[in-house]
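Shown next: protein_28.cif, containing mmCIF, C-alpha atoms.
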```cif
data_upload
loop_
_atom_site.label_atom_id
_atom_site.label_comp_id
_atom_site.auth_asym_id
_atom_site.auth_seq_id
_atom_site.Cartn_x
_atom_site.Cartn_y
_atom_site.Cartn_z
CA MET A 1 -22.43 232.84 -11.99
CA HIS A 2 -20.03 232.49 -14.89
CA GLU A 3 -22.02 229.51 -16.12
CA MET A 4 -25.25 231.52 -15.93
CA GLY A 5 -24.03 234.01 -18.56
CA ILE A 6 -22.67 231.24 -20.78
CA CYS A 7 -25.89 229.26 -20.44
CA ASP A 8 -27.96 232.29 -21.34
CA GLY A 9 -25.98 232.46 -24.61
CA ILE A 10 -26.70 228.78 -25.30
CA VAL A 11 -30.43 228.99 -24.60
CA THR A 12 -30.86 232.27 -26.52
CA ALA A 13 -29.19 230.81 -29.63
CA ALA A 14 -31.21 227.59 -29.34
CA LEU A 15 -34.54 229.41 -28.94
CA GLU A 16 -33.77 231.74 -31.87
CA THR A 17 -33.01 228.77 -34.14
CA ALA A 18 -36.06 226.87 -32.90
CA ALA A 19 -38.30 229.89 -33.61
CA LYS A 20 -36.92 230.16 -37.15
CA GLU A 21 -37.69 226.47 -37.69
CA ARG A 22 -41.17 226.91 -36.14
CA ALA A 23 -40.39 224.23 -33.57
CA VAL A 24 -42.86 223.45 -30.78
CA CYS A 25 -40.36 221.71 -28.56
CA ILE A 26 -36.56 221.48 -28.15
CA ASN A 27 -35.51 217.92 -27.24
CA SER A 28 -31.79 218.43 -26.86
CA ILE A 29 -29.01 220.97 -27.30
CA ASP A 30 -25.43 219.89 -28.11
CA VAL A 31 -22.56 222.13 -27.06
CA THR A 32 -18.78 221.84 -27.11
CA ILE A 33 -16.70 223.42 -24.36
CA GLY A 34 -12.95 223.59 -23.95
CA VAL A 35 -11.54 222.79 -20.52
CA LEU A 36 -9.60 226.07 -20.37
CA THR A 37 -12.84 228.05 -20.14
CA GLU A 38 -13.08 226.73 -16.57
CA ILE A 39 -16.75 225.96 -17.06
CA GLN A 40 -18.06 223.46 -14.52
CA GLU A 41 -20.50 221.13 -16.22
CA GLU A 42 -22.58 220.68 -13.05
CA ALA A 43 -22.99 224.43 -12.66
CA LEU A 44 -23.86 224.71 -16.35
CA GLN A 45 -26.53 222.01 -16.04
CA PHE A 46 -27.97 223.77 -12.99
CA ALA A 47 -28.08 227.10 -14.83
CA PHE A 48 -29.70 225.31 -17.78
CA THR A 49 -32.63 224.06 -15.70
CA VAL A 50 -33.19 227.58 -14.36
CA ILE A 51 -32.92 229.41 -17.68
CA THR A 52 -35.03 226.98 -19.74
CA LYS A 53 -37.94 227.11 -17.29
CA ASP A 54 -41.19 228.19 -19.01
CA THR A 55 -39.62 227.95 -22.49
CA ILE A 56 -40.02 225.29 -25.20
CA ALA A 57 -36.65 223.96 -24.02
CA ASP A 58 -37.80 223.20 -20.47
CA ARG A 59 -37.66 219.43 -20.96
CA SER A 60 -34.59 219.38 -23.17
CA ALA A 61 -31.27 217.72 -22.42
CA LEU A 62 -28.05 219.71 -22.55
CA ASN A 63 -25.36 217.43 -24.05
CA VAL A 64 -21.92 218.76 -23.25
CA THR A 65 -18.77 217.58 -25.03
CA MET A 66 -15.69 218.71 -23.14
CA LEU A 67 -12.54 219.22 -25.23
CA LYS A 68 -9.06 218.79 -23.84
CA ALA A 69 -6.44 221.47 -24.35
CA ARG A 70 -4.12 221.03 -27.36
CA SER A 71 -1.20 223.23 -28.33
CA VAL A 72 1.46 223.39 -31.02
CA CYS A 73 5.08 224.12 -30.09
CA GLY A 74 6.47 227.33 -31.58
CA GLU A 75 9.99 225.92 -31.65
CA CYS A 76 9.71 222.31 -32.87
CA ALA A 77 6.11 222.31 -34.22
CA ALA A 78 5.11 219.27 -32.16
CA GLU A 79 1.39 219.08 -31.37
CA PHE A 80 0.39 217.82 -27.94
CA GLU A 81 -2.45 217.52 -25.46
CA HIS A 82 -1.99 219.06 -22.05
CA GLY A 83 -3.81 219.87 -18.84
CA ARG A 84 -5.21 223.22 -17.82
CA PHE A 85 -1.88 224.35 -16.57
CA ASP A 86 1.06 222.60 -18.23
CA ALA A 87 1.26 223.88 -21.81
CA LYS A 88 4.87 222.77 -22.16
CA CYS A 89 6.16 220.95 -25.25
CA PRO A 90 6.84 217.31 -24.33
CA GLU A 91 9.34 217.02 -27.21
CA CYS A 92 11.68 219.98 -26.66
CA GLY A 93 10.50 221.46 -23.33
CA SER A 94 9.62 224.85 -24.78
CA PHE A 95 6.88 226.99 -23.24
CA VAL A 96 6.49 229.03 -26.43
CA CYS A 97 3.35 227.25 -27.57
CA SER A 98 0.15 228.34 -29.27
CA LEU A 99 -3.17 226.96 -28.23
CA LEU A 100 -5.03 224.98 -30.91
CA GLN A 101 -7.97 223.78 -28.84
CA GLY A 102 -9.29 224.22 -25.31
CA ARG A 103 -11.10 227.58 -25.16
CA GLU A 104 -14.14 226.54 -27.23
CA LEU A 105 -17.59 227.79 -26.29
CA ARG A 106 -19.70 226.52 -29.15
CA ILE A 107 -23.32 225.54 -29.68
CA ASP A 108 -23.28 222.74 -32.26
CA SER A 109 -26.87 221.75 -32.92
CA ILE A 110 -30.34 221.32 -31.51
CA ASP A 111 -32.90 218.55 -31.86
CA ILE A 112 -36.45 219.88 -32.26
CA ASP A 113 -39.99 218.80 -32.99
CA MET B 114 -35.29 216.93 -36.38
CA ARG B 115 -31.67 217.95 -35.89
CA VAL B 116 -30.67 221.50 -36.84
CA ASP B 117 -27.01 222.56 -37.02
CA ILE B 118 -26.14 225.86 -35.41
CA ALA B 119 -22.32 225.79 -35.09
CA LYS B 120 -22.03 229.23 -33.49
CA GLY B 121 -19.97 230.62 -30.67
CA ILE B 122 -22.00 230.70 -27.45
CA LEU B 123 -20.72 234.20 -26.81
CA GLU B 124 -21.22 235.32 -30.41
CA LYS B 125 -23.59 238.12 -29.43
CA ASN B 126 -21.06 239.50 -26.94
CA ASP B 127 -18.20 239.07 -29.43
CA THR B 128 -20.10 240.89 -32.19
CA LEU B 129 -20.86 243.81 -29.88
CA ALA B 130 -17.21 243.80 -28.71
CA GLU B 131 -16.11 244.11 -32.34
CA GLY B 132 -18.40 247.14 -32.65
CA ASN B 133 -16.80 248.66 -29.55
CA ARG B 134 -13.34 247.99 -31.00
CA GLU B 135 -14.22 249.84 -34.21
CA LEU B 136 -15.65 252.74 -32.23
CA PHE B 137 -12.48 253.00 -30.13
CA ALA B 138 -10.27 252.83 -33.23
CA ARG B 139 -12.28 255.53 -35.00
CA ASN B 140 -11.83 257.87 -32.05
CA GLY B 141 -8.21 256.96 -31.34
CA VAL B 142 -8.99 255.69 -27.84
CA PHE B 143 -6.74 253.06 -26.24
CA VAL B 144 -8.68 250.79 -23.89
CA VAL B 145 -7.39 248.63 -21.05
CA ASP B 146 -9.50 246.21 -19.03
CA LEU B 147 -8.18 245.72 -15.49
CA MET B 148 -9.20 242.45 -13.84
CA ALA B 149 -8.50 241.27 -10.29
CA SER B 150 -10.06 239.88 -7.12
CA PRO B 151 -12.03 242.25 -4.90
CA GLY B 152 -9.54 244.22 -2.82
CA ALA B 153 -6.47 243.56 -4.97
CA GLY B 154 -6.11 247.28 -5.63
CA LYS B 155 -7.71 247.88 -9.02
CA THR B 156 -8.93 251.36 -8.10
CA SER B 157 -5.64 252.25 -6.38
CA THR B 158 -3.73 251.11 -9.47
CA ILE B 159 -6.01 253.24 -11.66
CA LEU B 160 -5.43 256.26 -9.39
CA ALA B 161 -1.65 255.72 -9.54
CA THR B 162 -1.83 255.37 -13.35
CA ILE B 163 -3.89 258.55 -13.62
CA ALA B 164 -1.36 260.44 -11.47
CA ALA B 165 1.47 259.29 -13.75
CA LEU B 166 -0.23 259.86 -17.11
CA ARG B 167 -2.78 262.67 -16.72
CA ASP B 168 -0.42 265.29 -18.14
CA ARG B 169 0.29 263.15 -21.19
CA TYR B 170 -3.12 261.69 -22.01
CA SER B 171 -6.73 262.59 -21.56
CA ILE B 172 -8.10 259.73 -19.43
CA ALA B 173 -11.56 258.38 -18.60
CA VAL B 174 -12.58 255.44 -16.43
CA ILE B 175 -15.45 252.94 -16.49
CA GLU B 176 -16.04 251.32 -13.11
CA GLY B 177 -17.76 247.93 -12.97
CA ASP B 178 -19.21 246.83 -9.65
CA ILE B 179 -22.18 244.79 -8.54
CA ALA B 180 -23.44 247.80 -6.58
CA SER B 181 -22.50 251.32 -5.36
CA ARG B 182 -20.75 254.36 -6.84
CA VAL B 183 -17.86 254.31 -4.37
CA ASP B 184 -15.15 253.71 -6.99
CA ALA B 185 -16.46 256.15 -9.58
CA GLU B 186 -16.57 258.84 -6.90
CA LYS B 187 -12.91 258.24 -6.03
CA ILE B 188 -11.95 258.68 -9.69
CA ALA B 189 -14.23 261.68 -10.24
CA ALA B 190 -12.63 263.35 -7.20
CA GLN B 191 -9.43 263.48 -9.28
CA GLY B 192 -11.27 265.46 -11.97
CA ILE B 193 -11.31 262.45 -14.32
CA PRO B 194 -14.55 261.48 -16.12
CA ALA B 195 -15.85 258.27 -14.51
CA VAL B 196 -18.87 256.16 -15.43
CA GLN B 197 -20.14 253.64 -12.92
CA ILE B 198 -21.73 250.43 -14.22
CA ASN B 199 -23.71 248.50 -11.63
CA THR B 200 -24.12 244.95 -12.88
CA GLY B 201 -26.74 244.17 -10.24
CA GLY B 202 -25.36 240.75 -9.43
CA ALA B 203 -23.55 239.81 -12.63
CA CYS B 204 -19.96 238.87 -11.91
CA HIS B 205 -18.31 240.40 -14.99
CA LEU B 206 -18.76 243.16 -17.55
CA GLU B 207 -20.11 242.41 -21.03
CA SER B 208 -19.67 244.40 -24.22
CA ASP B 209 -23.20 245.82 -24.29
CA MET B 210 -22.67 247.33 -20.80
CA ILE B 211 -19.44 248.93 -22.04
CA ARG B 212 -21.23 250.36 -25.07
CA ARG B 213 -23.93 251.97 -22.93
CA ALA B 214 -21.29 253.45 -20.63
CA VAL B 215 -19.16 254.67 -23.54
CA ASP B 216 -22.17 256.41 -25.08
CA THR B 217 -22.20 258.78 -22.08
CA LEU B 218 -18.57 259.83 -22.73
CA ASP B 219 -17.16 262.11 -25.43
CA LEU B 220 -14.71 259.67 -26.99
CA SER B 221 -13.18 262.29 -29.27
CA GLU B 222 -11.80 263.93 -26.11
CA ILE B 223 -10.29 260.74 -24.68
CA ASP B 224 -6.93 259.07 -25.36
CA LEU B 225 -6.97 256.37 -22.70
CA LEU B 226 -10.03 254.58 -21.34
CA ILE B 227 -9.46 252.38 -18.31
CA ILE B 228 -12.14 249.78 -17.54
CA GLU B 229 -12.21 248.37 -14.02
CA ASN B 230 -13.89 244.98 -14.31
CA VAL B 231 -15.95 243.42 -11.50
CA GLY B 232 -13.71 241.85 -8.83
CA ASN B 233 -13.43 238.23 -9.97
CA LEU B 234 -10.66 235.96 -11.25
CA VAL B 235 -12.81 233.67 -13.40
CA CYS B 236 -15.73 235.24 -15.23
CA PRO B 237 -14.17 238.32 -16.91
CA THR B 238 -11.74 236.00 -18.72
CA ASP B 239 -14.10 234.86 -21.47
CA PHE B 240 -15.82 238.16 -22.24
CA ASP B 241 -14.26 240.30 -24.95
CA LEU B 242 -15.19 243.96 -24.34
CA GLY B 243 -13.45 245.35 -27.43
CA GLU B 244 -10.49 246.46 -25.34
CA HIS B 245 -6.89 246.60 -26.61
CA ALA B 246 -5.42 244.79 -23.62
CA LYS B 247 -6.62 242.80 -20.65
CA ILE B 248 -4.37 243.29 -17.62
CA MET B 249 -4.65 241.34 -14.40
CA ILE B 250 -3.64 242.49 -10.94
CA LEU B 251 -2.76 240.09 -8.15
CA SER B 252 -2.00 241.47 -4.71
CA VAL B 253 0.65 239.93 -2.49
CA PRO B 254 -1.72 238.95 0.39
CA GLU B 255 -3.73 236.75 -2.02
CA GLY B 256 -0.77 234.38 -2.21
CA HIS B 257 1.69 233.19 -4.85
CA ASP B 258 -0.40 230.08 -5.60
CA LYS B 259 -3.24 231.91 -7.39
CA PRO B 260 -1.93 231.16 -10.92
CA TYR B 261 -2.35 227.44 -10.14
CA LYS B 262 -5.96 227.98 -9.16
CA TYR B 263 -7.01 230.50 -11.80
CA PRO B 264 -4.76 229.81 -14.79
CA GLY B 265 -7.17 231.22 -17.39
CA ILE B 266 -6.92 234.84 -16.30
CA PHE B 267 -3.11 234.71 -16.24
CA GLN B 268 -3.08 233.20 -19.73
CA ILE B 269 -5.23 235.81 -21.42
CA SER B 270 -3.62 238.87 -19.76
CA GLU B 271 -1.06 240.86 -21.70
CA ALA B 272 0.67 241.93 -18.51
CA VAL B 273 0.44 241.05 -14.83
CA ILE B 274 0.68 243.60 -12.02
CA LEU B 275 1.77 242.32 -8.60
CA ASN B 276 0.33 244.92 -6.23
CA LYS B 277 0.95 245.60 -2.52
CA TYR B 278 4.55 244.60 -3.17
CA ASP B 279 5.62 246.60 -0.11
CA THR B 280 4.06 243.81 2.02
CA VAL B 281 5.99 240.97 0.39
CA SER B 282 8.15 240.40 3.48
CA VAL B 283 5.12 240.22 5.79
CA PHE B 284 3.25 237.56 3.85
CA ASP B 285 4.66 234.16 3.02
CA PHE B 286 4.74 235.07 -0.68
CA ASN B 287 7.20 233.09 -2.79
CA GLU B 288 7.98 235.60 -5.52
CA ALA B 289 10.32 233.31 -7.49
CA GLU B 290 7.67 230.60 -7.64
CA PHE B 291 5.00 233.13 -8.63
CA ARG B 292 7.13 234.53 -11.44
CA GLY B 293 8.00 231.03 -12.63
CA VAL B 294 4.38 229.86 -12.75
CA VAL B 295 3.17 233.00 -14.50
CA HIS B 296 5.97 232.63 -17.03
CA ASP B 297 5.01 229.00 -17.67
CA LEU B 298 1.39 230.01 -18.25
CA ASN B 299 2.09 233.10 -20.30
CA PRO B 300 5.74 233.47 -21.35
CA SER B 301 5.34 236.86 -23.03
CA ALA B 302 3.53 238.66 -20.16
CA PRO B 303 5.70 241.09 -18.19
CA ILE B 304 5.18 241.20 -14.41
CA PHE B 305 5.24 244.60 -12.70
CA ALA B 306 5.72 244.60 -8.94
CA ILE B 307 4.14 247.78 -7.61
CA SER B 308 2.76 249.41 -4.51
CA ALA B 309 -0.05 251.45 -5.99
CA THR B 310 -0.84 253.48 -2.87
CA LYS B 311 2.84 254.39 -2.32
CA GLY B 312 3.64 254.85 -6.01
CA GLU B 313 6.53 252.39 -5.90
CA GLY B 314 7.24 250.45 -9.09
CA VAL B 315 4.49 252.30 -10.95
CA ASP B 316 7.04 253.82 -13.39
CA ALA B 317 7.81 250.50 -15.10
CA TRP B 318 4.12 249.65 -15.51
CA VAL B 319 3.34 253.09 -16.89
CA GLU B 320 6.31 252.98 -19.26
CA TRP B 321 5.02 249.66 -20.65
CA LEU B 322 1.51 251.06 -20.98
CA VAL B 323 2.73 254.16 -22.82
CA ALA B 324 4.72 251.99 -25.25
CA ARG B 325 1.61 249.88 -25.84
CA ILE B 326 -0.58 252.96 -26.41
CA GLU B 327 1.92 254.49 -28.83
CA ALA B 328 2.31 251.18 -30.70
CA ALA B 329 -1.49 251.01 -31.15
CA LYS B 330 -1.47 254.55 -32.60
CA VAL B 331 1.07 253.51 -35.24
CA VAL B 332 -1.11 250.55 -36.23
CA GLN B 333 -4.20 252.75 -36.45
CA SER B 334 -2.66 255.55 -38.47
#
```
Mind converting the file's structure to structure tokens?
Amino acid sequence: MHEMGICDGIVTAALETAAKERAVCINSIDVTIGVLTEIQEEALQFAFTVITKDTIADRSALNVTMLKARSVCGECAAEFEHGRFDAKCPECGSFVCSLLQGRELRIDSIDID
Amino acid sequence: MRVDIAKGILEKNDTLAEGNRELFARNGVFVVDLMASPGAGKTSTILATIAALRDRYSIAVIEGDIASRVDAEKIAAQGIPAVQINTGGACHLESDMIRRAVDTLDLSEIDLLIIENVGNLVCPTDFDLGEHAKIMILSVPEGHDKPYKYPGIFQISEAVILNKYDTVSVFDFNEAEFRGVVHDLNPSAPIFAISATKGEGVDAWVEWLVARIEAAKVVQS
């Protein structure tokens, strides 16, 4: 269900841009998603097939780039990649870290005819 | 032909949330968004918060549920304005739903607006409603391992309420582990152990909320 709302945002933005460009068909849509959004790509792809039905995007591919989580340590300024759960500085062990990347929900571009 | 878009997927929601935020600021309304699983005690926590703060602040509540008016009726029975949003299947509230609900309230008469989000530990996380603070409630029977399974909601919450704390000895709830994991995920979030229906521990939560409301007033003025 979460993915349905997100996917609606993707398809709406893509259709708006395609209409502005007077496109007749959307071939592909590229999006970037951070792992911390807890979006499941399979669920997103399923939602995509449902939402694009009967639109000019109904044969398009949804290309998803997943981004890992990255944080910077507030104590020693080290930058590091981490999993969904362990945002702990590998250099000094601090948990006082700010997220740099991992919560993205971005539509990058579309390919149209 | 490739066309760059480079926009946030939730840009429409975020723009509307920004509009809500400005509206709340203009009217001096502090807004909290309570998120939790179904049955964790969101409505009971709201009722306990109302009991503690109704003499100090003028309060209103927005109730988000897939269906029914059960929760709004419980709030309205306390003489507190309550607006029920039925999402009709959607698993979270979005900023346009909040705006429509807010338009039925007289914001100039309200100091504190409490939003009860749809019972869900995943979806409400990504949707900005224009609130000042997102707060999550976990109840003891759900288990101490929930932060491992749903880290996102613990990370974006400003404070965590551990409800049904009076049952902690009945369930195999490892409080030290829970506190440790929440701290690892979100070091600055305080954890308030409460029993909403018995009123235990509510004082500390309310004291924190009052400090947060008053701090927001200083920023706004």
Pull out every residue of chain B that has at least one atom within 9 Å of chain A, counting only C-alpha atoms, and report them as a count of residues only. 33
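The coordinates place atom CA of Glu42 of chain A at 17.1 Å from atom CA of Asp58 of chain A.
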Need the axis-aligned box for segment 155-165 of chain B with 8 Å each side, so what are the centre and edges in Å to one decimal, as lines of an AutoDock Vina configuration file?
```
center_x = -3.7
center_y = 254.2
center_z = -10.1
size_x = 26.4
size_y = 28.6
size_z = 23.4
```
Could you write out as a short mmCIF file (atom, residue, chain, number, x, y, z; two decimals) with C-alpha atoms, keeping the file's coordinate frame the residues that the PyMOL selection byres ((chain B and resi 143) around 8) matches in the shown file?
```cif
data_model
loop_
_atom_site.label_atom_id
_atom_site.label_comp_id
_atom_site.auth_asym_id
_atom_site.auth_seq_id
_atom_site.Cartn_x
_atom_site.Cartn_y
_atom_site.Cartn_z
CA PHE B 137 -12.48 253.00 -30.13
CA ALA B 138 -10.27 252.83 -33.23
CA GLY B 141 -8.21 256.96 -31.34
CA VAL B 142 -8.99 255.69 -27.84
CA VAL B 144 -8.68 250.79 -23.89
CA VAL B 145 -7.39 248.63 -21.05
CA ASP B 224 -6.93 259.07 -25.36
CA LEU B 225 -6.97 256.37 -22.70
CA LEU B 226 -10.03 254.58 -21.34
CA GLU B 244 -10.49 246.46 -25.34
CA HIS B 245 -6.89 246.60 -26.61
CA ILE B 326 -0.58 252.96 -26.41
CA ALA B 329 -1.49 251.01 -31.15
#
```
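Taking all atoms listed in the file into account, Leu67 of chain A lies nearest to A:Glu81 out of the set A:Cys25, A:Gln45, A:Cys92, A:Glu81.
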Rounded to one decimal, what separation in Å do you get between atom CA of Asn199 of chain B and atom CA of Ser181 of chain B? 7.0 Å
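Across the structure, atom CA of Gly243 of chain B and atom CA of Leu218 of chain B are spaced 16.1 Å apart.
Counting all atoms listed in the file and comparing B:Ala272, B:Ala246, B:Val281, B:Val323, the residue that lies closest to Asp146 of chain B is B:Ala246.
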Would you be able to write out as a ChimeraX atom specification which residues have an atom within 7 Å of (-3.2, 217.6, -25.6) in the file's coordinates, counting all atoms listed in the file? /A:68-71,80-82
Residues returned when the PyMOL selection byres ((chain B and resi 166-176) around 9) runs on this file, as an mmCIF file with C-alpha atoms, keeping the file's coordinate frame:
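Generated file (selection19.cif):
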```cif
data_model
loop_
_atom_site.group_PDB
_atom_site.id
_atom_site.type_symbol
_atom_site.label_atom_id
_atom_site.label_comp_id
_atom_site.auth_asym_id
_atom_site.auth_seq_id
_atom_site.Cartn_x
_atom_site.Cartn_y
_atom_site.Cartn_z
ATOM 1 C CA THR B 156 -8.930 251.360 -8.100
ATOM 2 C CA ILE B 159 -6.010 253.240 -11.660
ATOM 3 C CA ALA B 161 -1.650 255.720 -9.540
ATOM 4 C CA THR B 162 -1.830 255.370 -13.350
ATOM 5 C CA ILE B 163 -3.890 258.550 -13.620
ATOM 6 C CA ALA B 164 -1.360 260.440 -11.470
ATOM 7 C CA ALA B 165 1.470 259.290 -13.750
ATOM 8 C CA GLY B 177 -17.760 247.930 -12.970
ATOM 9 C CA ASP B 178 -19.210 246.830 -9.650
ATOM 10 C CA ARG B 182 -20.750 254.360 -6.840
ATOM 11 C CA ASP B 184 -15.150 253.710 -6.990
ATOM 12 C CA ALA B 185 -16.460 256.150 -9.580
ATOM 13 C CA ILE B 188 -11.950 258.680 -9.690
ATOM 14 C CA ALA B 189 -14.230 261.680 -10.240
ATOM 15 C CA ILE B 193 -11.310 262.450 -14.320
ATOM 16 C CA PRO B 194 -14.550 261.480 -16.120
ATOM 17 C CA ALA B 195 -15.850 258.270 -14.510
ATOM 18 C CA VAL B 196 -18.870 256.160 -15.430
ATOM 19 C CA GLN B 197 -20.140 253.640 -12.920
ATOM 20 C CA ILE B 198 -21.730 250.430 -14.220
ATOM 21 C CA ASN B 199 -23.710 248.500 -11.630
ATOM 22 C CA ILE B 211 -19.440 248.930 -22.040
ATOM 23 C CA ALA B 214 -21.290 253.450 -20.630
ATOM 24 C CA VAL B 215 -19.160 254.670 -23.540
ATOM 25 C CA LEU B 218 -18.570 259.830 -22.730
ATOM 26 C CA GLU B 222 -11.800 263.930 -26.110
ATOM 27 C CA ILE B 223 -10.290 260.740 -24.680
ATOM 28 C CA ASP B 224 -6.930 259.070 -25.360
ATOM 29 C CA LEU B 225 -6.970 256.370 -22.700
ATOM 30 C CA LEU B 226 -10.030 254.580 -21.340
ATOM 31 C CA ILE B 227 -9.460 252.380 -18.310
ATOM 32 C CA ILE B 228 -12.140 249.780 -17.540
ATOM 33 C CA GLU B 229 -12.210 248.370 -14.020
ATOM 34 C CA ASN B 230 -13.890 244.980 -14.310
ATOM 35 C CA VAL B 231 -15.950 243.420 -11.500
ATOM 36 C CA VAL B 319 3.340 253.090 -16.890
ATOM 37 C CA VAL B 323 2.730 254.160 -22.820
#
```
Around (8.7, 251.3, -14.9) in the file's frame, which residues reach within 12 Å when counting only C-alpha atoms? Return as a PyMOL selection string? chain B and resi 162+165+274+303-307+312-324
Would you mind completing segment 244-265 of chain B so that it carries N, CA and C atoms, and writing it out as a compact mmCIF listing (two decimals), in the coordinates of the input?
```
# COMPACT_ATOMS: atom_id res chain seq x y z
N GLU B 244 -11.66 245.77 -25.87
CA GLU B 244 -10.49 246.46 -25.34
C GLU B 244 -9.23 246.10 -26.14
N HIS B 245 -8.16 246.92 -25.98
CA HIS B 245 -6.89 246.60 -26.61
C HIS B 245 -6.12 245.58 -25.79
N ALA B 246 -6.21 245.69 -24.46
CA ALA B 246 -5.42 244.79 -23.62
C ALA B 246 -6.16 244.47 -22.33
N LYS B 247 -6.15 243.21 -21.97
CA LYS B 247 -6.62 242.80 -20.65
C LYS B 247 -5.38 242.69 -19.75
N ILE B 248 -5.47 243.29 -18.57
CA ILE B 248 -4.37 243.29 -17.62
C ILE B 248 -4.90 242.71 -16.32
N MET B 249 -4.16 241.83 -15.68
CA MET B 249 -4.65 241.34 -14.40
C MET B 249 -3.74 241.79 -13.27
N ILE B 250 -4.37 242.05 -12.13
CA ILE B 250 -3.64 242.49 -10.94
C ILE B 250 -3.80 241.42 -9.88
N LEU B 251 -2.69 240.96 -9.33
CA LEU B 251 -2.76 240.09 -8.15
C LEU B 251 -2.09 240.86 -7.03
N SER B 252 -2.66 240.79 -5.83
CA SER B 252 -2.00 241.47 -4.71
C SER B 252 -1.30 240.42 -3.86
N VAL B 253 -0.20 240.83 -3.27
CA VAL B 253 0.65 239.93 -2.49
C VAL B 253 -0.13 239.12 -1.44
N PRO B 254 -1.03 239.75 -0.65
CA PRO B 254 -1.72 238.95 0.39
C PRO B 254 -2.57 237.79 -0.16
N GLU B 255 -2.93 237.84 -1.45
CA GLU B 255 -3.73 236.75 -2.02
C GLU B 255 -2.92 235.45 -2.13
N GLY B 256 -1.61 235.57 -2.17
CA GLY B 256 -0.77 234.38 -2.21
C GLY B 256 -0.20 234.08 -3.59
N HIS B 257 0.99 233.46 -3.58
CA HIS B 257 1.69 233.19 -4.85
C HIS B 257 1.09 232.01 -5.60
N ASP B 258 0.15 231.29 -4.96
CA ASP B 258 -0.40 230.08 -5.60
C ASP B 258 -1.60 230.36 -6.50
N LYS B 259 -2.03 231.62 -6.61
CA LYS B 259 -3.24 231.91 -7.39
C LYS B 259 -3.15 231.48 -8.86
N PRO B 260 -1.97 231.60 -9.51
CA PRO B 260 -1.93 231.16 -10.92
C PRO B 260 -2.25 229.67 -11.08
N TYR B 261 -1.99 228.87 -10.06
CA TYR B 261 -2.35 227.44 -10.14
C TYR B 261 -3.86 227.29 -10.14
N LYS B 262 -4.52 228.14 -9.36
CA LYS B 262 -5.96 227.98 -9.16
C LYS B 262 -6.79 228.65 -10.24
N TYR B 263 -6.26 229.74 -10.79
CA TYR B 263 -7.01 230.50 -11.80
C TYR B 263 -6.14 230.73 -13.03
N PRO B 264 -5.71 229.64 -13.69
CA PRO B 264 -4.76 229.81 -14.79
C PRO B 264 -5.29 230.64 -15.95
N GLY B 265 -6.60 230.56 -16.20
CA GLY B 265 -7.17 231.22 -17.39
C GLY B 265 -6.88 232.70 -17.43
```
